[in-house]
Amino acid sequence: MTQDDALLDRVRRGRFLIDGKWIEPGSRARFDIVTPSDETVFASIPLANAEDIAAAVAAARRAFDTGPWPRLSHRERGEFLSRLADAIEAKSALFARIWTSEVGGLIGYGGHMVAGSCAIIRDFARMATDFPFIEHHTPTAGGNVGLLIHEPVGVVGAIIPWNAPILMLASKLAPALLAGCTVIVKMSPEAPLEAMLLGEIVEELGLPPGVINIVTADRVESELLVHDERVDKISFTGSSAVGQRVASICGGRMARGTFELGGKSAAVVLDDSPLDLVIGAVAPQVGMLGMQFCSALSRVIVPQHRHDALLDGIAGALSQVKVGDPFDLATEMGPMSMKRQLERIQAYIASGVSDGLTLATGGGRPHGFNQGYFLEPTLFGDVPNDAKIAREEIFGPVICVIPARDEEEAIAMANDSDFGLNSSIFTADPDRALQVARRMRAGTVGHNAFRSDFGIAFGGYKRSGIGREGGRLGLLPYLEAKTVILEEEPSSLFA
């Protein structure tokens, strides 16, 4: 047995990391993680009960109030983040293996997920010296020295979705740790094991007890974390419906919160864009976990006179996608991540068919697959912007091509959505791209490609969330701003 195999055996036990110790959960409840490509049980993991959640919160509270972590310098915490990124990178193959086994993502893409996560962590590590945690200002109401001090917000509850655990862990843990916060990580039952592997890593790196606590819980127990007055901030990534529920609880007790939620993102094709460029950007999205991610460009809005040509081109590309075993590097799209997700997507496809929309390709189970949650990449054409499949987040490989009379209607259609997470403009003219981008009600607007950037900022308008993750804007929600007005300059700002 290799070292990684032994480590994976420990991880698959699904224990909880609380106050620096691996504990056996107090509940007898368990959840079977089913590998979506062959429907075998990859692991049977425990679920937290109320006592487990309370213990994790107490440990994080104690570590913040009396532990050493918040009292270290930002430079020291940044150095830890750098070591953490190196250690995660060294286990890239194991993280990818777990991700593919849990949710069916392509094994080759799993390595890219780890690389992206390490880039996020290193970006925040650099902020240890680049970010102005103490700012000098000229007082306007008396006093001679004005300081704006950015201090840690406190104890953070980080609620992680099942589709991209390591990426979401990085985007929440890195800014929280740099700020000096302590964290309770609440994992989804469907995909908790990357966090357990991360727990093994932080333990080996010598992180003080209680700074990171990791539990797996279902929705009822998860709400206990959100309700707990000892938790200062909630960072949630998930569906808009659940996000609204979590935000309402936070609002009831004035807890801080950031919410990265759903999307129904539009690719707006202008009349001068080469259609090959659009096809080459839109079709490959199905390889990224079968478009089970919130920023997918699932609506393609195109001039009416170019609709048929673009529909045929995307249909041709999707029909050639090799669906199969996600552990095979030649596979271009794996299975859906779980049975209920497959059934949800199939219901949306049935809705499109019953509405009389043009099913250009896909919609069924690929030939020859008797096991696994496999689905063909699916494309609908001539879709009205008010159709159910054009308005609701499907979270699967279903693309709608929507005809527009002109550029004005295309922009209006793109903005006529409950969501505003991601978008892209396809045009040969960068000036025109910027003009249209400024009119888009979306947190990210790409040009001639699917794009998102956690190094700058990621998040959305409207029901796509509140706040941003990544970059300087991703650090601010983990900080409280304190104004200090002094009569004289202190001898040290670190007193």
# chains A, B, ... in the order shown; residues from 1 in each chain; ligands from 1

call {"tool": "residues_around", "arguments": {"residues": "Glu204 (chain A)", "least_positions_apart": "2", "cutoff": "12 Å", "atoms": "only C-alpha atoms", "output": "PyMOL selection string"}}
result
chain A and resi 20-21+80+83-84+87-88+197-202+206-209

call {"tool": "closest_atom_pairs", "arguments": {"of": "region 410-493 of chain A", "to": "region 363-387 of chain A", "cutoff": "9 Å", "atoms": "only C-alpha atoms", "output": "Markdown table"}}
result
| residue | atom | partner | partner_atom | distance |
| --- | --- | --- | --- | --- |
| A:Met413 | CA | A:Asn385 | CA | 6.6 |
| A:Ala414 | CA | A:Asn385 | CA | 8.7 |
| A:Asp416 | CA | A:Asn385 | CA | 8.1 |
| A:Ser417 | CA | A:Asn385 | CA | 8.9 |

call {"tool": "write_last_selection", "arguments": {"atoms": "N, CA and C atoms", "output": "PDB file, in the first residue's frame"}}
result
ATOM      1  N   MET A 413     -32.429  40.972 -23.115  1.00  0.00           N
ATOM      2  CA  MET A 413     -32.676  39.570 -22.777  1.00  0.00           C
ATOM      3  C   MET A 413     -31.639  39.061 -21.770  1.00  0.00           C
ATOM      4  N   ALA A 414     -30.383  39.395 -21.978  1.00  0.00           N
ATOM      5  CA  ALA A 414     -29.340  38.950 -21.060  1.00  0.00           C
ATOM      6  C   ALA A 414     -29.621  39.433 -19.644  1.00  0.00           C
ATOM      7  N   ASP A 416     -32.596  40.316 -18.479  1.00  0.00           N
ATOM      8  CA  ASP A 416     -33.915  39.898 -18.020  1.00  0.00           C
ATOM      9  C   ASP A 416     -33.811  38.510 -17.390  1.00  0.00           C
ATOM     10  N   SER A 417     -33.265  38.492 -16.191  1.00  0.00           N
ATOM     11  CA  SER A 417     -33.012  37.249 -15.481  1.00  0.00           C
ATOM     12  C   SER A 417     -32.997  37.544 -13.990  1.00  0.00           C
TER      13      SER A 417
END

call {"tool": "residues_around", "arguments": {"residues": "Ala158 (chain A)", "least_positions_apart": "4", "cutoff": "7 Å", "atoms": "only C-alpha atoms", "output": "ChimeraX atom specification"}}
result
/A:172,183-186,234-236

call {"tool": "write_last_selection", "arguments": {"atoms": "C-alpha atoms", "output": "PDB file, in the first residue's frame"}}
result
ATOM      1  CA  LYS A 172     -12.979  30.923   1.918  1.00  0.00           C
ATOM      2  CA  VAL A 183     -13.259  28.720  10.920  1.00  0.00           C
ATOM      3  CA  ILE A 184     -15.837  25.964  11.114  1.00  0.00           C
ATOM      4  CA  VAL A 185     -15.942  24.247   7.718  1.00  0.00           C
ATOM      5  CA  LYS A 186     -19.297  22.573   7.013  1.00  0.00           C
ATOM      6  CA  ILE A 234     -21.230  32.963   7.417  1.00  0.00           C
ATOM      7  CA  SER A 235     -19.653  32.408   4.023  1.00  0.00           C
ATOM      8  CA  PHE A 236     -22.057  30.364   1.916  1.00  0.00           C
TER       9      PHE A 236
END

call {"tool": "select_by_dssp", "arguments": {"residues": "region 244-277 of chain A", "states": "alpha helix (DSSP H)", "output": "list in words"}}
result
Gln244, Arg245, Val246, Ala247, Ser248, Ile249, Cys250, Gly251, Gly252, Arg253, Leu275, Asp276 and Leu277 of chain A

call {"tool": "write_last_selection", "arguments": {"atoms": "N, CA and C atoms", "output": "PDB file, in the first residue's frame"}}
result
ATOM      1  N   GLN A 244     -30.928  32.219   0.155  1.00  0.00           N
ATOM      2  CA  GLN A 244     -31.904  33.156   0.704  1.00  0.00           C
ATOM      3  C   GLN A 244     -32.292  32.758   2.126  1.00  0.00           C
ATOM      4  N   ARG A 245     -32.444  31.467   2.366  1.00  0.00           N
ATOM      5  CA  ARG A 245     -32.770  30.987   3.705  1.00  0.00           C
ATOM      6  C   ARG A 245     -31.641  31.309   4.680  1.00  0.00           C
ATOM      7  N   VAL A 246     -30.411  31.026   4.294  1.00  0.00           N
ATOM      8  CA  VAL A 246     -29.261  31.296   5.160  1.00  0.00           C
ATOM      9  C   VAL A 246     -29.124  32.798   5.420  1.00  0.00           C
ATOM     10  N   ALA A 247     -29.302  33.606   4.382  1.00  0.00           N
ATOM     11  CA  ALA A 247     -29.184  35.051   4.533  1.00  0.00           C
ATOM     12  C   ALA A 247     -30.252  35.602   5.476  1.00  0.00           C
ATOM     13  N   SER A 248     -31.453  35.025   5.427  1.00  0.00           N
ATOM     14  CA  SER A 248     -32.520  35.503   6.305  1.00  0.00           C
ATOM     15  C   SER A 248     -32.190  35.211   7.763  1.00  0.00           C
ATOM     16  N   ILE A 249     -31.552  34.068   8.031  1.00  0.00           N
ATOM     17  CA  ILE A 249     -31.147  33.750   9.401  1.00  0.00           C
ATOM     18  C   ILE A 249     -30.045  34.703   9.854  1.00  0.00           C
ATOM     19  N   CYS A 250     -29.077  34.937   8.971  1.00  0.00           N
ATOM     20  CA  CYS A 250     -28.004  35.882   9.306  1.00  0.00           C
ATOM     21  C   CYS A 250     -28.577  37.262   9.604  1.00  0.00           C
ATOM     22  N   GLY A 251     -29.535  37.698   8.783  1.00  0.00           N
ATOM     23  CA  GLY A 251     -30.139  39.009   8.986  1.00  0.00           C
ATOM     24  C   GLY A 251     -30.853  39.117  10.310  1.00  0.00           C
ATOM     25  N   GLY A 252     -31.451  38.005  10.765  1.00  0.00           N
ATOM     26  CA  GLY A 252     -32.183  38.017  12.021  1.00  0.00           C
ATOM     27  C   GLY A 252     -31.315  38.280  13.228  1.00  0.00           C
ATOM     28  N   ARG A 253     -30.008  37.977  13.119  1.00  0.00           N
ATOM     29  CA  ARG A 253     -29.114  38.239  14.251  1.00  0.00           C
ATOM     30  C   ARG A 253     -27.939  39.149  13.874  1.00  0.00           C
ATOM     31  N   LEU A 275     -18.516  32.703 -35.738  1.00  0.00           N
ATOM     32  CA  LEU A 275     -19.284  31.690 -35.010  1.00  0.00           C
ATOM     33  C   LEU A 275     -18.397  30.557 -34.497  1.00  0.00           C
ATOM     34  N   ASP A 276     -17.296  30.280 -35.186  1.00  0.00           N
ATOM     35  CA  ASP A 276     -16.384  29.243 -34.703  1.00  0.00           C
ATOM     36  C   ASP A 276     -15.847  29.590 -33.315  1.00  0.00           C
ATOM     37  N   LEU A 277     -15.647  30.881 -33.077  1.00  0.00           N
ATOM     38  CA  LEU A 277     -15.159  31.334 -31.776  1.00  0.00           C
ATOM     39  C   LEU A 277     -16.192  31.041 -30.692  1.00  0.00           C
TER      40      LEU A 277
END

call {"tool": "closest_residue", "arguments": {"among": "A:Leu270, A:Ile485, A:Ala125, A:Ile394", "to": "Ala428 (chain A)", "atoms": "only C-alpha atoms"}}
result
A:Leu270

call {"tool": "select_by_dssp", "arguments": {"residues": "region 46-201 of chain A", "states": "strand (DSSP E or B)", "output": "number ranges by chain"}}
result
A: 46, 134-137, 145-152, 155-159, 182-187

call {"tool": "residues_around", "arguments": {"residues": "region 305-316 of chain A", "least_positions_apart": "3", "cutoff": "10 Å", "atoms": "only C-alpha atoms", "output": "mmCIF file with all heavy atoms, in the first residue's frame"}}
result
data_model
loop_
_atom_site.group_PDB
_atom_site.id
_atom_site.type_symbol
_atom_site.label_atom_id
_atom_site.label_comp_id
_atom_site.auth_asym_id
_atom_site.auth_seq_id
_atom_site.Cartn_x
_atom_site.Cartn_y
_atom_site.Cartn_z
ATOM 1 N N VAL A 269 -23.848 37.095 -28.399
ATOM 2 C CA VAL A 269 -23.100 37.016 -29.655
ATOM 3 C C VAL A 269 -23.495 38.216 -30.521
ATOM 4 O O VAL A 269 -24.662 38.351 -30.915
ATOM 5 C CB VAL A 269 -23.406 35.701 -30.394
ATOM 6 C CG1 VAL A 269 -22.580 35.610 -31.672
ATOM 7 C CG2 VAL A 269 -23.135 34.504 -29.467
ATOM 8 N N LEU A 270 -22.548 39.087 -30.812
ATOM 9 C CA LEU A 270 -22.836 40.232 -31.661
ATOM 10 C C LEU A 270 -22.668 39.857 -33.131
ATOM 11 O O LEU A 270 -22.129 38.796 -33.467
ATOM 12 C CB LEU A 270 -21.940 41.405 -31.272
ATOM 13 C CG LEU A 270 -22.073 41.869 -29.805
ATOM 14 C CD1 LEU A 270 -21.266 43.142 -29.574
ATOM 15 C CD2 LEU A 270 -23.529 42.071 -29.401
ATOM 16 N N ASP A 271 -23.113 40.734 -34.006
ATOM 17 C CA ASP A 271 -23.224 40.365 -35.422
ATOM 18 C C ASP A 271 -21.889 40.237 -36.134
ATOM 19 O O ASP A 271 -21.823 39.695 -37.243
ATOM 20 C CB ASP A 271 -24.125 41.361 -36.167
ATOM 21 C CG ASP A 271 -23.713 42.805 -35.956
ATOM 22 O OD1 ASP A 271 -22.563 43.050 -35.512
ATOM 23 O OD2 ASP A 271 -24.542 43.694 -36.228
ATOM 24 N N PRO A 274 -17.042 35.835 -35.197
ATOM 25 C CA PRO A 274 -16.942 34.549 -35.893
ATOM 26 C C PRO A 274 -17.655 33.465 -35.087
ATOM 27 O O PRO A 274 -17.424 33.323 -33.887
ATOM 28 C CB PRO A 274 -15.427 34.289 -35.944
ATOM 29 C CG PRO A 274 -14.786 35.621 -35.710
ATOM 30 C CD PRO A 274 -15.717 36.379 -34.829
ATOM 31 N N LEU A 275 -18.516 32.703 -35.738
ATOM 32 C CA LEU A 275 -19.284 31.690 -35.010
ATOM 33 C C LEU A 275 -18.397 30.557 -34.497
ATOM 34 O O LEU A 275 -18.701 29.947 -33.469
ATOM 35 C CB LEU A 275 -20.400 31.142 -35.901
ATOM 36 C CG LEU A 275 -21.504 32.144 -36.273
ATOM 37 C CD1 LEU A 275 -22.621 31.436 -37.028
ATOM 38 C CD2 LEU A 275 -22.052 32.862 -35.051
ATOM 39 N N ASP A 276 -17.296 30.280 -35.186
ATOM 40 C CA ASP A 276 -16.384 29.243 -34.703
ATOM 41 C C ASP A 276 -15.847 29.590 -33.315
ATOM 42 O O ASP A 276 -15.627 28.696 -32.486
ATOM 43 C CB ASP A 276 -15.211 29.061 -35.676
ATOM 44 C CG ASP A 276 -15.619 28.341 -36.949
ATOM 45 O OD1 ASP A 276 -16.760 27.824 -36.989
ATOM 46 O OD2 ASP A 276 -14.816 28.311 -37.901
ATOM 47 N N VAL A 278 -17.439 31.290 -30.999
ATOM 48 C CA VAL A 278 -18.516 31.049 -30.040
ATOM 49 C C VAL A 278 -18.646 29.552 -29.758
ATOM 50 O O VAL A 278 -18.721 29.122 -28.594
ATOM 51 C CB VAL A 278 -19.853 31.601 -30.576
ATOM 52 C CG1 VAL A 278 -20.961 31.386 -29.551
ATOM 53 C CG2 VAL A 278 -19.725 33.077 -30.941
ATOM 54 N N ILE A 279 -18.656 28.762 -30.812
ATOM 55 C CA ILE A 279 -18.779 27.303 -30.655
ATOM 56 C C ILE A 279 -17.631 26.758 -29.813
ATOM 57 O O ILE A 279 -17.829 25.936 -28.910
ATOM 58 C CB ILE A 279 -18.808 26.622 -32.035
ATOM 59 C CG1 ILE A 279 -20.047 27.063 -32.822
ATOM 60 C CG2 ILE A 279 -18.769 25.097 -31.894
ATOM 61 C CD1 ILE A 279 -19.963 26.789 -34.312
ATOM 62 N N GLY A 280 -16.423 27.245 -30.078
ATOM 63 C CA GLY A 280 -15.248 26.780 -29.349
ATOM 64 C C GLY A 280 -15.221 27.195 -27.896
ATOM 65 O O GLY A 280 -14.473 26.629 -27.093
ATOM 66 N N ALA A 281 -16.031 28.188 -27.533
ATOM 67 C CA ALA A 281 -16.105 28.613 -26.136
ATOM 68 C C ALA A 281 -17.256 27.954 -25.397
ATOM 69 O O ALA A 281 -17.135 27.604 -24.217
ATOM 70 C CB ALA A 281 -16.264 30.135 -26.063
ATOM 71 N N VAL A 282 -18.371 27.765 -26.081
ATOM 72 C CA VAL A 282 -19.587 27.284 -25.426
ATOM 73 C C VAL A 282 -19.594 25.769 -25.274
ATOM 74 O O VAL A 282 -19.864 25.234 -24.184
ATOM 75 C CB VAL A 282 -20.837 27.762 -26.202
ATOM 76 C CG1 VAL A 282 -22.093 27.078 -25.666
ATOM 77 C CG2 VAL A 282 -20.968 29.274 -26.110
ATOM 78 N N ALA A 283 -19.295 25.038 -26.327
ATOM 79 C CA ALA A 283 -19.414 23.575 -26.288
ATOM 80 C C ALA A 283 -18.491 22.915 -25.255
ATOM 81 O O ALA A 283 -18.929 21.988 -24.549
ATOM 82 C CB ALA A 283 -19.166 22.996 -27.682
ATOM 83 N N PRO A 284 -17.226 23.337 -25.112
ATOM 84 C CA PRO A 284 -16.347 22.643 -24.164
ATOM 85 C C PRO A 284 -16.754 22.780 -22.702
ATOM 86 O O PRO A 284 -16.202 22.071 -21.851
ATOM 87 C CB PRO A 284 -14.987 23.318 -24.405
ATOM 88 C CG PRO A 284 -15.054 23.854 -25.792
ATOM 89 C CD PRO A 284 -16.471 24.310 -25.943
ATOM 90 N N VAL A 300 -27.272 31.249 -24.795
ATOM 91 C CA VAL A 300 -26.507 31.837 -25.895
ATOM 92 C C VAL A 300 -27.475 32.692 -26.714
ATOM 93 O O VAL A 300 -28.381 32.163 -27.354
ATOM 94 C CB VAL A 300 -25.854 30.754 -26.771
ATOM 95 C CG1 VAL A 300 -25.023 31.406 -27.875
ATOM 96 C CG2 VAL A 300 -24.973 29.830 -25.917
ATOM 97 N N ILE A 301 -27.292 34.002 -26.646
ATOM 98 C CA ILE A 301 -28.203 34.940 -27.311
ATOM 99 C C ILE A 301 -27.540 35.433 -28.589
ATOM 100 O O ILE A 301 -26.431 35.997 -28.544
ATOM 101 C CB ILE A 301 -28.540 36.111 -26.372
ATOM 102 C CG1 ILE A 301 -29.159 35.567 -25.062
ATOM 103 C CG2 ILE A 301 -29.506 37.086 -27.044
ATOM 104 C CD1 ILE A 301 -29.388 36.624 -24.001
ATOM 105 N N VAL A 302 -28.195 35.225 -29.717
ATOM 106 C CA VAL A 302 -27.562 35.416 -31.021
ATOM 107 C C VAL A 302 -28.515 36.171 -31.946
ATOM 108 O O VAL A 302 -29.745 36.026 -31.826
ATOM 109 C CB VAL A 302 -27.179 34.037 -31.615
ATOM 110 C CG1 VAL A 302 -28.412 33.169 -31.827
ATOM 111 C CG2 VAL A 302 -26.382 34.165 -32.894
ATOM 112 N N SER A 319 -22.391 16.865 -30.289
ATOM 113 C CA SER A 319 -22.640 15.472 -30.686
ATOM 114 C C SER A 319 -21.343 14.666 -30.783
ATOM 115 O O SER A 319 -21.369 13.436 -30.774
ATOM 116 C CB SER A 319 -23.377 15.434 -32.026
ATOM 117 O OG SER A 319 -22.553 15.920 -33.075
ATOM 118 N N GLN A 320 -20.209 15.360 -30.892
ATOM 119 C CA GLN A 320 -18.919 14.688 -30.983
ATOM 120 C C GLN A 320 -18.222 14.512 -29.635
ATOM 121 O O GLN A 320 -17.161 13.904 -29.557
ATOM 122 C CB GLN A 320 -17.990 15.475 -31.919
ATOM 123 C CG GLN A 320 -18.495 15.569 -33.352
ATOM 124 C CD GLN A 320 -18.671 14.209 -33.991
ATOM 125 O OE1 GLN A 320 -17.781 13.367 -33.933
ATOM 126 N NE2 GLN A 320 -19.841 13.979 -34.590
ATOM 127 N N VAL A 321 -18.827 15.067 -28.564
ATOM 128 C CA VAL A 321 -18.209 14.977 -27.238
ATOM 129 C C VAL A 321 -18.190 13.520 -26.782
ATOM 130 O O VAL A 321 -19.224 12.833 -26.820
ATOM 131 C CB VAL A 321 -18.974 15.857 -26.228
ATOM 132 C CG1 VAL A 321 -18.504 15.567 -24.795
ATOM 133 C CG2 VAL A 321 -18.790 17.331 -26.555
ATOM 134 N N LEU A 359 -35.239 20.549 -29.983
ATOM 135 C CA LEU A 359 -34.159 19.772 -29.384
ATOM 136 C C LEU A 359 -33.161 19.450 -30.487
ATOM 137 O O LEU A 359 -33.383 18.568 -31.311
ATOM 138 C CB LEU A 359 -34.714 18.493 -28.750
ATOM 139 C CG LEU A 359 -33.697 17.559 -28.079
ATOM 140 C CD1 LEU A 359 -32.961 18.265 -26.951
ATOM 141 C CD2 LEU A 359 -34.393 16.298 -27.562
ATOM 142 N N ALA A 360 -32.055 20.200 -30.491
ATOM 143 C CA ALA A 360 -31.104 20.083 -31.596
ATOM 144 C C ALA A 360 -30.190 18.875 -31.455
ATOM 145 O O ALA A 360 -29.772 18.294 -32.457
ATOM 146 C CB ALA A 360 -30.267 21.362 -31.691
ATOM 147 N N THR A 361 -29.862 18.513 -30.215
ATOM 148 C CA THR A 361 -29.032 17.327 -29.993
ATOM 149 C C THR A 361 -29.141 16.924 -28.539
ATOM 150 O O THR A 361 -29.447 17.733 -27.661
ATOM 151 C CB THR A 361 -27.557 17.574 -30.360
ATOM 152 O OG1 THR A 361 -26.848 16.324 -30.376
ATOM 153 C CG2 THR A 361 -26.875 18.505 -29.382
ATOM 154 N N GLY A 362 -28.890 15.630 -28.273
ATOM 155 C CA GLY A 362 -28.839 15.132 -26.906
ATOM 156 C C GLY A 362 -30.200 14.905 -26.301
ATOM 157 O O GLY A 362 -31.186 14.639 -26.982
ATOM 158 N N PRO A 377 -24.826 15.544 -23.727
ATOM 159 C CA PRO A 377 -24.892 17.008 -23.800
ATOM 160 C C PRO A 377 -26.117 17.411 -24.622
ATOM 161 O O PRO A 377 -26.400 16.806 -25.663
ATOM 162 C CB PRO A 377 -23.597 17.385 -24.518
ATOM 163 C CG PRO A 377 -22.694 16.211 -24.382
ATOM 164 C CD PRO A 377 -23.586 15.007 -24.316
ATOM 165 N N THR A 378 -26.842 18.400 -24.156
ATOM 166 C CA THR A 378 -28.152 18.706 -24.717
ATOM 167 C C THR A 378 -28.234 20.162 -25.160
ATOM 168 O O THR A 378 -27.776 21.060 -24.438
ATOM 169 C CB THR A 378 -29.244 18.407 -23.670
ATOM 170 O OG1 THR A 378 -29.160 17.021 -23.301
ATOM 171 C CG2 THR A 378 -30.622 18.699 -24.209
ATOM 172 N N LEU A 379 -28.835 20.367 -26.316
ATOM 173 C CA LEU A 379 -28.942 21.711 -26.890
ATOM 174 C C LEU A 379 -30.360 21.947 -27.388
ATOM 175 O O LEU A 379 -30.911 21.138 -28.134
ATOM 176 C CB LEU A 379 -27.957 21.867 -28.052
ATOM 177 C CG LEU A 379 -27.968 23.206 -28.789
ATOM 178 C CD1 LEU A 379 -27.412 24.315 -27.897
ATOM 179 C CD2 LEU A 379 -27.141 23.109 -30.078
ATOM 180 N N PHE A 380 -30.935 23.064 -26.972
ATOM 181 C CA PHE A 380 -32.241 23.511 -27.476
ATOM 182 C C PHE A 380 -32.050 24.786 -28.299
ATOM 183 O O PHE A 380 -31.236 25.642 -27.949
ATOM 184 C CB PHE A 380 -33.193 23.809 -26.320
ATOM 185 C CG PHE A 380 -33.792 22.594 -25.668
ATOM 186 C CD1 PHE A 380 -33.207 22.047 -24.533
ATOM 187 C CD2 PHE A 380 -34.938 22.002 -26.183
ATOM 188 C CE1 PHE A 380 -33.764 20.928 -23.917
ATOM 189 C CE2 PHE A 380 -35.495 20.878 -25.578
ATOM 190 C CZ PHE A 380 -34.908 20.345 -24.445
ATOM 191 N N GLY A 381 -32.830 24.899 -29.368
ATOM 192 C CA GLY A 381 -32.803 26.102 -30.197
ATOM 193 C C GLY A 381 -34.147 26.794 -30.247
ATOM 194 O O GLY A 381 -35.168 26.240 -29.824
ATOM 195 N N ASP A 382 -34.138 28.038 -30.782
ATOM 196 C CA ASP A 382 -35.354 28.850 -30.867
ATOM 197 C C ASP A 382 -36.044 28.955 -29.518
ATOM 198 O O ASP A 382 -37.275 28.867 -29.411
ATOM 199 C CB ASP A 382 -36.330 28.279 -31.907
ATOM 200 C CG ASP A 382 -35.892 28.582 -33.330
ATOM 201 O OD1 ASP A 382 -35.604 29.759 -33.614
ATOM 202 O OD2 ASP A 382 -35.824 27.642 -34.136
ATOM 203 N N ILE A 399 -27.902 23.601 -22.893
ATOM 204 C CA ILE A 399 -27.630 24.941 -23.421
ATOM 205 C C ILE A 399 -28.830 25.390 -24.248
ATOM 206 O O ILE A 399 -29.372 24.607 -25.035
ATOM 207 C CB ILE A 399 -26.349 24.936 -24.268
ATOM 208 C CG1 ILE A 399 -25.135 24.529 -23.409
ATOM 209 C CG2 ILE A 399 -26.110 26.312 -24.907
ATOM 210 C CD1 ILE A 399 -23.873 24.284 -24.204
ATOM 211 N N CYS A 400 -29.228 26.639 -24.068
ATOM 212 C CA CYS A 400 -30.336 27.232 -24.827
ATOM 213 C C CYS A 400 -29.789 28.275 -25.794
ATOM 214 O O CYS A 400 -29.037 29.166 -25.378
ATOM 215 C CB CYS A 400 -31.329 27.912 -23.889
ATOM 216 S SG CYS A 400 -32.071 26.830 -22.673
ATOM 217 N N VAL A 401 -30.155 28.179 -27.061
ATOM 218 C CA VAL A 401 -29.822 29.209 -28.040
ATOM 219 C C VAL A 401 -31.067 30.069 -28.252
ATOM 220 O O VAL A 401 -32.132 29.560 -28.614
ATOM 221 C CB VAL A 401 -29.331 28.609 -29.367
ATOM 222 C CG1 VAL A 401 -29.007 29.729 -30.367
ATOM 223 C CG2 VAL A 401 -28.082 27.760 -29.121
ATOM 224 N N ILE A 402 -30.907 31.367 -28.004
ATOM 225 C CA ILE A 402 -32.032 32.294 -27.964
ATOM 226 C C ILE A 402 -31.851 33.348 -29.055
ATOM 227 O O ILE A 402 -30.849 34.079 -29.042
ATOM 228 C CB ILE A 402 -32.115 32.975 -26.587
ATOM 229 C CG1 ILE A 402 -32.264 31.911 -25.479
ATOM 230 C CG2 ILE A 402 -33.254 33.990 -26.525
ATOM 231 C CD1 ILE A 402 -32.108 32.453 -24.077
ATOM 232 N N PRO A 403 -32.775 33.464 -29.996
ATOM 233 C CA PRO A 403 -32.637 34.474 -31.050
ATOM 234 C C PRO A 403 -33.063 35.863 -30.564
ATOM 235 O O PRO A 403 -33.988 36.008 -29.770
ATOM 236 C CB PRO A 403 -33.586 33.965 -32.146
ATOM 237 C CG PRO A 403 -34.629 33.185 -31.404
ATOM 238 C CD PRO A 403 -33.951 32.588 -30.205
ATOM 239 N N ALA A 404 -32.351 36.896 -31.054
ATOM 240 C CA ALA A 404 -32.673 38.286 -30.731
ATOM 241 C C ALA A 404 -32.745 39.097 -32.019
ATOM 242 O O ALA A 404 -31.997 38.850 -32.972
ATOM 243 C CB ALA A 404 -31.614 38.877 -29.798
ATOM 244 N N ARG A 405 -33.641 40.084 -32.038
ATOM 245 C CA ARG A 405 -33.793 40.916 -33.240
ATOM 246 C C ARG A 405 -32.552 41.750 -33.502
ATOM 247 O O ARG A 405 -32.126 41.904 -34.642
ATOM 248 C CB ARG A 405 -35.006 41.835 -33.082
ATOM 249 C CG ARG A 405 -36.356 41.135 -33.126
ATOM 250 C CD ARG A 405 -37.495 42.153 -33.197
ATOM 251 N NE ARG A 405 -37.433 43.089 -32.073
ATOM 252 C CZ ARG A 405 -38.052 42.883 -30.904
ATOM 253 N NH1 ARG A 405 -38.760 41.777 -30.715
ATOM 254 N NH2 ARG A 405 -37.968 43.760 -29.928
ATOM 255 N N ASP A 406 -31.979 42.308 -32.437
ATOM 256 C CA ASP A 406 -30.836 43.212 -32.608
ATOM 257 C C ASP A 406 -30.050 43.256 -31.300
ATOM 258 O O ASP A 406 -30.375 42.567 -30.319
ATOM 259 C CB ASP A 406 -31.306 44.615 -33.008
ATOM 260 C CG ASP A 406 -32.383 45.172 -32.078
ATOM 261 O OD1 ASP A 406 -32.365 44.815 -30.879
ATOM 262 O OD2 ASP A 406 -33.242 45.950 -32.546
#

call {"tool": "residues_around", "arguments": {"residues": "Met187 (chain A)", "least_positions_apart": "2", "cutoff": "8 Å", "atoms": "only C-alpha atoms", "output": "MDAnalysis selection string"}}
result
chainID A and resid 159:162 185 189 191:192 195 214:217

call {"tool": "write_last_selection", "arguments": {"atoms": "C-alpha atoms", "output": "compact mmCIF listing (two decimals), in the first residue's frame"}}
result
# COMPACT_ATOMS: atom_id res chain seq x y z
CA ILE A 159 -20.53 26.28 4.06
CA ILE A 160 -19.05 24.39 1.09
CA PRO A 161 -20.99 22.95 -1.89
CA TRP A 162 -20.48 19.51 -3.41
CA VAL A 185 -15.94 24.25 7.72
CA PRO A 189 -22.46 15.00 2.63
CA ALA A 191 -18.40 15.47 -1.24
CA PRO A 192 -16.66 15.96 2.12
CA ALA A 195 -11.81 18.75 3.22
CA ILE A 214 -14.19 20.38 9.80
CA VAL A 215 -17.57 18.66 10.02
CA THR A 216 -20.01 17.10 7.57
CA ALA A 217 -23.69 17.79 8.12

call {"tool": "residues_around", "arguments": {"residues": "Lys264 (chain A)", "least_positions_apart": "2", "cutoff": "10 Å", "atoms": "only C-alpha atoms", "output": "VMD selection string"}}
result
chain A and resid 262 266 294 to 299 389 to 395 414 417 to 423 464

call {"tool": "residues_around", "arguments": {"residues": "Cys181 (chain A)", "least_positions_apart": "6", "cutoff": "9 Å", "atoms": "only C-alpha atoms", "output": "ChimeraX atom specification"}}
result
/A:60,64,69-70,152-156,175,211,478-479

call {"tool": "atom_distance", "arguments": {"atom1": "CA of Tyr461 (chain A)", "atom2": "CA of Asn163 (chain A)"}}
result
21.3 Å

call {"tool": "closest_residue", "arguments": {"among": "A:Leu289, A:Ala93, A:Ala29, A:Ile425", "to": "Thr331 (chain A)", "atoms": "only C-alpha atoms"}}
result
A:Leu289

call {"tool": "closest_residue", "arguments": {"among": "A:Ala457, A:Val268, A:Ala347, A:Leu178", "to": "Glu409 (chain A)", "atoms": "only C-alpha atoms"}}
result
A:Val268
